[in-house]
$ cat target-v5.txt   # compact mmCIF, C-alpha atoms
# COMPACT_ATOMS: atom_id res chain seq x y z
CA MET X 1 88.71 69.85 36.27
CA ARG X 2 89.45 72.25 33.45
CA LEU X 3 92.93 73.70 33.45
CA SER X 4 94.64 76.21 31.21
CA LEU X 5 98.15 74.99 30.42
CA GLY X 6 100.86 77.61 30.10
CA VAL X 7 104.58 77.27 29.39
CA TRP X 8 107.64 78.54 31.16
CA VAL X 9 111.27 79.06 30.24
CA SER X 10 113.97 78.35 32.82
CA VAL X 11 117.19 80.33 32.53
CA PHE X 12 120.18 79.42 34.69
CA LEU X 13 122.85 82.07 35.27
CA PHE X 14 125.99 80.81 36.98
CA PHE X 15 129.32 82.41 37.83
CA GLY X 16 132.76 81.06 38.58
CA TYR X 17 132.51 81.60 42.33
CA SER X 18 129.23 79.75 42.82
CA SER X 19 129.07 76.46 44.67
CA VAL X 20 126.53 73.67 44.45
CA ILE X 21 125.13 71.90 47.49
CA PHE X 22 122.38 69.33 47.84
CA CYS X 23 119.12 70.54 49.28
CA ASP X 24 117.14 68.42 51.72
CA GLN X 25 114.50 66.05 50.39
CA ASP X 26 111.48 66.93 52.54
CA GLY X 27 108.44 66.26 50.39
CA PHE X 28 110.52 64.87 47.51
CA LEU X 29 109.27 61.74 45.77
CA SER X 30 111.41 59.95 43.16
CA ILE X 31 109.89 56.83 41.59
CA ALA X 32 111.85 54.36 39.47
CA CYS X 33 109.09 53.11 37.16
CA GLY X 34 109.35 49.36 36.77
CA GLY X 35 111.96 49.18 39.51
CA THR X 36 111.81 46.53 42.22
CA THR X 37 114.20 47.96 44.83
CA ASN X 38 114.88 51.28 46.52
CA PHE X 39 118.28 52.94 46.04
CA VAL X 40 120.24 56.19 46.35
CA ASP X 41 121.89 57.51 43.19
CA SER X 42 125.14 59.41 42.68
CA LEU X 43 123.37 62.74 43.34
CA ASN X 44 122.15 61.43 46.71
CA ILE X 45 118.56 61.25 45.45
CA LYS X 46 116.50 58.51 47.08
CA TRP X 47 114.57 56.44 44.54
CA VAL X 48 111.74 54.04 45.36
CA SER X 49 110.02 51.21 43.53
CA ASP X 50 106.74 52.09 41.82
CA SER X 51 104.79 49.13 43.26
CA ASP X 52 102.93 51.31 45.79
CA TYR X 53 101.74 53.77 43.14
CA ILE X 54 100.41 51.67 40.25
CA SER X 55 98.87 48.24 39.70
CA THR X 56 98.80 47.98 35.89
CA GLY X 57 101.38 47.53 33.16
CA ASN X 58 104.42 45.31 32.62
CA THR X 59 108.06 45.92 33.48
CA THR X 60 111.39 45.39 31.74
CA THR X 61 114.80 47.06 31.52
CA VAL X 62 116.62 49.05 28.83
CA ASN X 63 120.29 49.82 28.28
CA TYR X 64 121.11 53.52 28.55
CA ILE X 65 124.21 55.73 28.82
CA GLU X 66 123.62 58.73 31.10
CA SER X 67 124.75 62.12 29.76
CA MET X 68 127.20 62.53 32.65
CA SER X 69 128.62 59.01 32.36
CA SER X 70 130.28 56.85 29.72
CA SER X 71 129.14 53.57 31.25
CA LEU X 72 126.12 51.58 30.12
CA SER X 73 123.34 51.27 32.70
CA SER X 74 120.35 48.95 32.95
CA VAL X 75 117.30 51.16 33.54
CA PRO X 76 113.88 49.77 34.55
CA VAL X 77 110.80 50.92 32.65
CA ARG X 78 107.09 50.21 32.82
CA PHE X 79 105.02 49.82 29.66
CA PHE X 80 101.30 49.46 29.13
CA PRO X 81 100.17 46.94 26.50
CA LYS X 82 96.51 47.38 27.53
CA SER X 83 95.29 50.13 25.21
CA GLU X 84 91.81 50.72 26.65
CA GLY X 85 91.32 53.60 29.06
CA ARG X 86 93.96 55.53 30.94
CA GLN X 87 96.84 53.92 32.82
CA CYS X 88 97.60 55.93 35.96
CA TYR X 89 100.14 56.46 38.69
CA TRP X 90 98.60 57.82 41.89
CA LEU X 91 101.08 60.22 43.45
CA PRO X 92 100.62 61.39 47.06
CA VAL X 93 101.06 65.15 47.32
CA LYS X 94 99.38 65.83 50.68
CA ASP X 95 102.78 66.25 52.35
CA VAL X 96 103.88 68.93 49.88
CA SER X 97 104.29 71.98 52.11
CA SER X 98 103.78 74.60 49.41
CA SER X 99 100.83 75.14 47.10
CA LEU X 100 102.82 74.24 43.98
CA ALA X 101 104.81 71.20 42.98
CA LEU X 102 107.15 70.44 40.10
CA VAL X 103 106.26 67.15 38.42
CA ARG X 104 109.04 65.68 36.27
CA ILE X 105 108.40 62.63 34.06
CA GLN X 106 110.97 60.77 31.97
CA PHE X 107 109.93 58.44 29.16
CA MET X 108 112.36 55.98 27.62
CA TYR X 109 111.89 53.38 24.88
CA LYS X 110 115.40 52.36 23.70
CA ASN X 111 113.89 49.53 21.67
CA TYR X 112 113.09 47.47 24.78
CA ASP X 113 110.77 45.25 22.72
CA GLY X 114 113.13 44.72 19.78
CA ARG X 115 110.55 46.07 17.33
CA GLY X 116 112.23 49.39 16.58
CA LYS X 117 108.95 51.30 16.77
CA PRO X 118 109.09 54.12 19.37
CA PRO X 119 105.57 54.89 20.64
CA ALA X 120 103.56 58.08 20.77
CA PHE X 121 100.90 58.65 23.44
CA SER X 122 99.17 61.34 25.49
CA VAL X 123 99.73 62.30 29.12
CA SER X 124 97.24 63.79 31.55
CA LEU X 125 97.60 65.23 35.04
CA SER X 126 94.43 64.63 37.01
CA ARG X 127 91.74 65.02 34.33
CA ALA X 128 93.62 67.63 32.30
CA MET X 129 95.35 66.55 29.10
CA ALA X 130 98.87 67.91 29.43
CA THR X 131 100.98 66.86 26.44
CA THR X 132 101.69 64.26 23.78
CA VAL X 133 104.92 62.27 23.94
CA ASN X 134 106.58 61.09 20.71
CA LEU X 135 109.61 58.94 21.43
CA LYS X 136 110.42 58.78 17.72
CA GLU X 137 111.42 62.44 17.98
CA SER X 138 113.42 62.13 21.21
CA ASP X 139 114.37 59.11 23.32
CA PRO X 140 114.47 59.70 26.25
CA TRP X 141 111.75 62.37 26.45
CA ILE X 142 111.40 64.53 29.58
CA GLU X 143 108.39 66.59 30.62
CA GLU X 144 108.16 69.04 33.53
CA PHE X 145 105.04 70.70 34.91
CA ILE X 146 104.27 73.19 37.66
CA TRP X 147 101.11 71.87 39.25
CA PRO X 148 98.78 73.47 41.84
CA VAL X 149 98.45 71.17 44.85
CA ASN X 150 94.80 71.17 45.91
CA LYS X 151 94.16 67.47 46.58
CA ASP X 152 95.93 64.67 48.44
CA ILE X 153 96.52 62.55 45.31
CA LEU X 154 97.66 63.53 41.83
CA PRO X 155 96.87 61.00 39.06
CA VAL X 156 99.49 60.98 36.28
CA CYS X 157 97.97 59.02 33.42
CA PHE X 158 99.00 57.72 30.01
CA HIS X 159 96.62 57.35 27.08
CA ALA X 160 97.39 55.17 24.07
CA LEU X 161 96.84 56.72 20.64
CA PRO X 162 95.50 54.81 17.62
CA ASN X 163 98.45 52.94 16.07
CA GLY X 164 100.74 54.78 18.47
CA GLY X 165 102.20 51.79 20.30
CA TYR X 166 102.40 51.17 24.03
CA PRO X 167 102.98 54.03 26.50
CA VAL X 168 106.25 53.57 28.41
CA VAL X 169 107.75 55.51 31.33
CA SER X 170 111.04 55.32 33.23
CA SER X 171 110.73 57.77 36.14
CA LEU X 172 108.36 60.09 37.98
CA GLU X 173 109.40 62.84 40.39
CA VAL X 174 107.55 65.30 42.60
CA ARG X 175 109.34 68.34 44.04
CA PRO X 176 107.62 70.90 46.31
CA LEU X 177 108.39 74.44 45.25
CA PRO X 178 109.26 77.30 47.64
CA GLN X 179 106.40 79.43 48.88
CA GLY X 180 105.77 82.27 46.44
CA ALA X 181 107.43 80.55 43.46
CA TYR X 182 105.89 81.44 40.10
CA GLY X 183 103.51 83.84 41.83
CA SER X 184 103.17 86.14 38.83
CA GLY X 185 102.30 83.29 36.47
CA MET X 186 100.08 81.22 38.72
CA ASP X 187 97.34 83.57 39.87
CA ASP X 188 94.14 81.65 40.44
CA THR X 189 96.16 78.42 40.73
CA SER X 190 93.07 76.24 41.07
CA ASN X 191 92.68 76.23 37.29
CA LYS X 192 96.17 76.81 35.91
CA SER X 193 99.33 74.79 35.40
CA LEU X 194 102.60 75.38 33.59
CA ARG X 195 104.54 73.13 31.21
CA LYS X 196 108.24 73.59 30.54
CA CYS X 197 108.87 74.83 27.03
CA TYR X 198 112.67 74.75 27.13
CA ARG X 199 115.56 75.48 29.46
CA ILE X 200 118.65 77.58 28.76
CA ASN X 201 121.92 76.96 30.59
CA SER X 202 123.81 80.27 30.45
CA GLY X 203 127.31 79.30 31.44
CA TYR X 204 127.36 76.31 33.81
CA THR X 205 129.72 73.69 32.35
CA ASN X 206 130.21 71.13 35.14
CA GLY X 207 127.63 68.58 33.95
CA SER X 208 123.85 68.91 34.01
CA LEU X 209 121.67 70.51 36.67
CA ARG X 210 118.39 69.57 38.31
CA TYR X 211 115.95 71.25 40.67
CA ASP X 212 117.25 68.90 43.38
CA LEU X 213 120.37 71.09 43.56
CA LEU X 214 120.51 74.33 45.52
CA LEU X 215 122.96 76.98 44.35
CA SER X 216 124.73 79.17 46.89
CA PHE X 217 126.80 82.20 45.90
$ encode --input "target-v5.txt" --output "structure tokens"
Amino acid sequence: MRLSLGVWVSVFLFFGYSSVIFCDQDGFLSIACGGTTNFVDSLNIKWVSDSDYISTGNTTTVNYIESMSSSLSSVPVRFFPKSEGRQCYWLPVKDVSSSLALVRIQFMYKNYDGRGKPPAFSVSLSRAMATTVNLKESDPWIEEFIWPVNKDILPVCFHALPNGGYPVVSSLEVRPLPQGAYGSGMDDTSNKSLRKCYRINSGYTNGSLRYDLLLSF
């Protein structure tokens, strides 16, 4: 399938009298790549092991300090030492109620192998090449895409580059978007997707924000 890949800019405008509540998780999928157990995090997000979604790669853990915490955490990751072909997660999207889904992927190296050589590799959604990750430039590295849901399964695949090292990933998330979201930028959604270019926080100071949160004013 041939897709044209656009970009979008997210701007958050918040005021002193706004409140933040958690939205329900119907259709949400949060995968801890390399994880072996299911858990609920501090934001009440339910995370699951990746064993049902992939059968290749090796797993390990890295030490990481979250931006909203000062404590060191052990984070599971999955890496792919086999360089031939694409290495894919198969994400079920048939229960996504809208025609669009946000796909968020976090990549993390943190010198898990002790070699001090952050990898670079390509990422595809379905058969469309979406981006190139370079963990030497940023570690962790986060990508977000708006993807048209037109099949029951979405393959998210990693492609090794020559002398680029092993692809590595720490989390995958799927979030259904409200009906009508991005309508002006997603006409003819069967052959278009969007990739986040950057996000501007225009005033909110109480930590970081995710799509999982719903703002009420």
$ residues_around --input "target-v5.txt" --residues "X:Phe79" --least-positions-apart "2" --cutoff "12 Å" --atoms "only C-alpha atoms" --output "PyMOL selection string"
chain X and resi 33-34+54-62+76-77+81-83+87-88+107-109+111-113+118-119+121+158-160+165-171
$ residues_around --input "target-v5.txt" --residues "X:Thr131" --least-positions-apart "6" --cutoff "8 Å" --atoms "only C-alpha atoms" --output "PyMOL selection string"
chain X and resi 122-124
$ residues_around --input "target-v5.txt" --residues "X:Thr37" --least-positions-apart "3" --cutoff "10 Å" --atoms "all atoms listed in the file" --output "PyMOL selection string"
chain X and resi 32+34+47-51
$ closest_residue --input "target-v5.txt" --among "X:Glu66, X:Ser193, X:Phe80, X:Glu144" --to "X:Ser126" --atoms "all atoms listed in the file"
X:Ser193
$ closest_residue --input "target-v5.txt" --among "X:Arg78, X:Ser99, X:Gly203, X:Phe39" --to "X:Lys151" --atoms "only C-alpha atoms"
X:Ser99
$ axis_aligned_box --input "target-v5.txt" --around "stretch 161-176 of chain X" --padding-each-side "8 Å" --output "JSON"
{"center_x": 103.3, "center_y": 61.0, "center_z": 31.2, "size_x": 31.5, "size_y": 35.7, "size_z": 46.2}
$ residues_around --input "target-v5.txt" --residues "X:Leu91" --least-positions-apart "5" --cutoff "9 Å" --atoms "all atoms listed in the file" --output "JSON, numbers by chain"
{"X": [29, 53, 152, 153, 154, 155, 156, 174]}
$ atom_distance --input "target-v5.txt" --atom1 "atom CA of X:Lys136" --atom2 "atom CA of X:Asn201"
25.1 Å
$ atom_distance --input "target-v5.txt" --atom1 "atom CA of X:Pro178" --atom2 "atom CA of X:Trp147"
12.9 Å
$ closest_residue --input "target-v5.txt" --among "X:Tyr64, X:Arg127, X:Tyr198, X:Val103" --to "X:Val149" --atoms "all atoms listed in the file"
X:Val103
$ atom_distance --input "target-v5.txt" --atom1 "atom CA of X:Pro162" --atom2 "atom CA of X:Lys196"
26.1 Å
$ closest_residue --input "target-v5.txt" --among "X:Gly27, X:Gly180, X:Gly35, X:Gly85" --to "X:Leu161" --atoms "all atoms listed in the file"
X:Gly85
$ decode --input "target-v5.txt" --residues "stretch 112-154 of chain X" --atoms "N, CA and C atoms" --output "mmCIF file, in the first residue's frame"
data_model
loop_
_atom_site.group_PDB
_atom_site.id
_atom_site.type_symbol
_atom_site.label_atom_id
_atom_site.label_comp_id
_atom_site.auth_asym_id
_atom_site.auth_seq_id
_atom_site.Cartn_x
_atom_site.Cartn_y
_atom_site.Cartn_z
ATOM 1 N N TYR X 112 22.077 -0.739 26.850
ATOM 2 C CA TYR X 112 21.694 -2.027 27.435
ATOM 3 C C TYR X 112 22.732 -3.121 27.175
ATOM 4 N N ASP X 113 23.494 -2.980 26.083
ATOM 5 C CA ASP X 113 24.459 -4.018 25.716
ATOM 6 C C ASP X 113 25.881 -3.701 26.163
ATOM 7 N N GLY X 114 26.065 -2.537 26.807
ATOM 8 C CA GLY X 114 27.391 -2.171 27.288
ATOM 9 C C GLY X 114 28.373 -1.760 26.212
ATOM 10 N N ARG X 115 27.904 -1.606 24.984
ATOM 11 C CA ARG X 115 28.807 -1.286 23.870
ATOM 12 C C ARG X 115 28.896 0.215 23.596
ATOM 13 N N GLY X 116 27.954 0.977 24.113
ATOM 14 C CA GLY X 116 27.966 2.418 23.909
ATOM 15 C C GLY X 116 27.781 2.837 22.463
ATOM 16 N N LYS X 117 26.993 2.067 21.709
ATOM 17 C CA LYS X 117 26.760 2.368 20.306
ATOM 18 C C LYS X 117 25.253 2.400 20.025
ATOM 19 N N PRO X 118 24.595 3.536 20.246
ATOM 20 C CA PRO X 118 23.150 3.620 19.988
ATOM 21 C C PRO X 118 22.841 3.315 18.524
ATOM 22 N N PRO X 119 21.806 2.532 18.261
ATOM 23 C CA PRO X 119 21.523 2.118 16.880
ATOM 24 C C PRO X 119 20.701 3.143 16.102
ATOM 25 N N ALA X 120 20.701 2.960 14.806
ATOM 26 C CA ALA X 120 19.817 3.681 13.894
ATOM 27 C C ALA X 120 19.144 2.647 13.001
ATOM 28 N N PHE X 121 17.841 2.822 12.754
ATOM 29 C CA PHE X 121 17.086 1.847 11.966
ATOM 30 C C PHE X 121 15.819 2.500 11.449
ATOM 31 N N SER X 122 15.171 1.833 10.505
ATOM 32 C CA SER X 122 13.942 2.365 9.905
ATOM 33 C C SER X 122 12.714 1.695 10.508
ATOM 34 N N VAL X 123 11.583 2.393 10.408
ATOM 35 C CA VAL X 123 10.307 1.912 10.938
ATOM 36 C C VAL X 123 9.267 1.995 9.828
ATOM 37 N N SER X 124 8.470 0.943 9.700
ATOM 38 C CA SER X 124 7.363 0.975 8.749
ATOM 39 C C SER X 124 6.060 0.640 9.457
ATOM 40 N N LEU X 125 4.978 1.217 8.973
ATOM 41 C CA LEU X 125 3.627 0.865 9.386
ATOM 42 C C LEU X 125 2.969 0.202 8.198
ATOM 43 N N SER X 126 2.484 -1.029 8.399
ATOM 44 C CA SER X 126 2.046 -1.844 7.277
ATOM 45 C C SER X 126 3.216 -1.946 6.304
ATOM 46 N N ARG X 127 3.030 -1.610 5.051
ATOM 47 C CA ARG X 127 4.114 -1.673 4.072
ATOM 48 C C ARG X 127 4.727 -0.310 3.802
ATOM 49 N N ALA X 128 4.277 0.715 4.504
ATOM 50 C CA ALA X 128 4.738 2.074 4.245
ATOM 51 C C ALA X 128 5.900 2.433 5.168
ATOM 52 N N MET X 129 7.027 2.823 4.600
ATOM 53 C CA MET X 129 8.141 3.300 5.406
ATOM 54 C C MET X 129 7.743 4.622 6.044
ATOM 55 N N ALA X 130 7.890 4.704 7.371
ATOM 56 C CA ALA X 130 7.352 5.846 8.097
ATOM 57 C C ALA X 130 8.417 6.810 8.589
ATOM 58 N N THR X 131 9.550 6.290 9.087
ATOM 59 C CA THR X 131 10.565 7.177 9.640
ATOM 60 C C THR X 131 11.846 6.397 9.869
ATOM 61 N N THR X 132 12.903 7.112 10.184
ATOM 62 C CA THR X 132 14.167 6.517 10.613
ATOM 63 C C THR X 132 14.476 6.992 12.020
ATOM 64 N N VAL X 133 14.777 6.056 12.899
ATOM 65 C CA VAL X 133 15.104 6.344 14.290
ATOM 66 C C VAL X 133 16.618 6.367 14.433
ATOM 67 N N ASN X 134 17.130 7.398 15.132
ATOM 68 C CA ASN X 134 18.565 7.467 15.411
ATOM 69 C C ASN X 134 18.739 7.746 16.899
ATOM 70 N N LEU X 135 18.989 6.702 17.673
ATOM 71 C CA LEU X 135 19.078 6.845 19.119
ATOM 72 C C LEU X 135 20.373 7.519 19.568
ATOM 73 N N LYS X 136 21.280 7.781 18.647
ATOM 74 C CA LYS X 136 22.448 8.586 18.983
ATOM 75 C C LYS X 136 22.042 10.043 19.156
ATOM 76 N N GLU X 137 21.005 10.459 18.451
ATOM 77 C CA GLU X 137 20.531 11.843 18.535
ATOM 78 C C GLU X 137 19.632 12.063 19.738
ATOM 79 N N SER X 138 18.843 11.068 20.090
ATOM 80 C CA SER X 138 17.919 11.194 21.225
ATOM 81 C C SER X 138 17.621 9.812 21.783
ATOM 82 N N ASP X 139 17.758 9.659 23.101
ATOM 83 C CA ASP X 139 17.525 8.376 23.759
ATOM 84 C C ASP X 139 16.870 8.636 25.117
ATOM 85 N N PRO X 140 15.559 8.397 25.269
ATOM 86 C CA PRO X 140 14.669 7.700 24.337
ATOM 87 C C PRO X 140 14.234 8.568 23.154
ATOM 88 N N TRP X 141 13.649 7.895 22.175
ATOM 89 C CA TRP X 141 13.121 8.508 20.950
ATOM 90 C C TRP X 141 11.658 8.100 20.858
ATOM 91 N N ILE X 142 10.770 9.073 20.637
ATOM 92 C CA ILE X 142 9.336 8.793 20.579
ATOM 93 C C ILE X 142 8.775 9.223 19.229
ATOM 94 N N GLU X 143 8.023 8.335 18.611
ATOM 95 C CA GLU X 143 7.319 8.640 17.365
ATOM 96 C C GLU X 143 5.819 8.516 17.588
ATOM 97 N N GLU X 144 5.047 9.387 16.921
ATOM 98 C CA GLU X 144 3.587 9.301 16.947
ATOM 99 C C GLU X 144 3.051 9.457 15.533
ATOM 100 N N PHE X 145 2.065 8.620 15.197
ATOM 101 C CA PHE X 145 1.459 8.637 13.876
ATOM 102 C C PHE X 145 -0.061 8.628 14.008
ATOM 103 N N ILE X 146 -0.726 9.304 13.095
ATOM 104 C CA ILE X 146 -2.164 9.158 12.917
ATOM 105 C C ILE X 146 -2.358 8.223 11.733
ATOM 106 N N TRP X 147 -3.016 7.092 12.007
ATOM 107 C CA TRP X 147 -3.071 6.029 11.006
ATOM 108 C C TRP X 147 -4.508 5.693 10.650
ATOM 109 N N PRO X 148 -4.850 5.584 9.354
ATOM 110 C CA PRO X 148 -6.202 5.189 8.962
ATOM 111 C C PRO X 148 -6.431 3.704 9.225
ATOM 112 N N VAL X 149 -7.476 3.386 9.950
ATOM 113 C CA VAL X 149 -7.783 1.992 10.290
ATOM 114 C C VAL X 149 -8.659 1.404 9.202
ATOM 115 N N ASN X 150 -8.078 0.539 8.373
ATOM 116 C CA ASN X 150 -8.863 -0.086 7.302
ATOM 117 C C ASN X 150 -8.657 -1.601 7.235
ATOM 118 N N LYS X 151 -7.911 -2.151 8.215
ATOM 119 C CA LYS X 151 -7.731 -3.591 8.318
ATOM 120 C C LYS X 151 -7.776 -3.992 9.787
ATOM 121 N N ASP X 152 -7.872 -5.284 10.043
ATOM 122 C CA ASP X 152 -7.966 -5.763 11.424
ATOM 123 C C ASP X 152 -6.629 -5.752 12.146
ATOM 124 N N ILE X 153 -5.525 -5.826 11.403
ATOM 125 C CA ILE X 153 -4.191 -5.912 11.986
ATOM 126 C C ILE X 153 -3.297 -4.837 11.380
ATOM 127 N N LEU X 154 -2.518 -4.177 12.233
ATOM 128 C CA LEU X 154 -1.537 -3.206 11.767
ATOM 129 C C LEU X 154 -0.136 -3.726 12.092
#
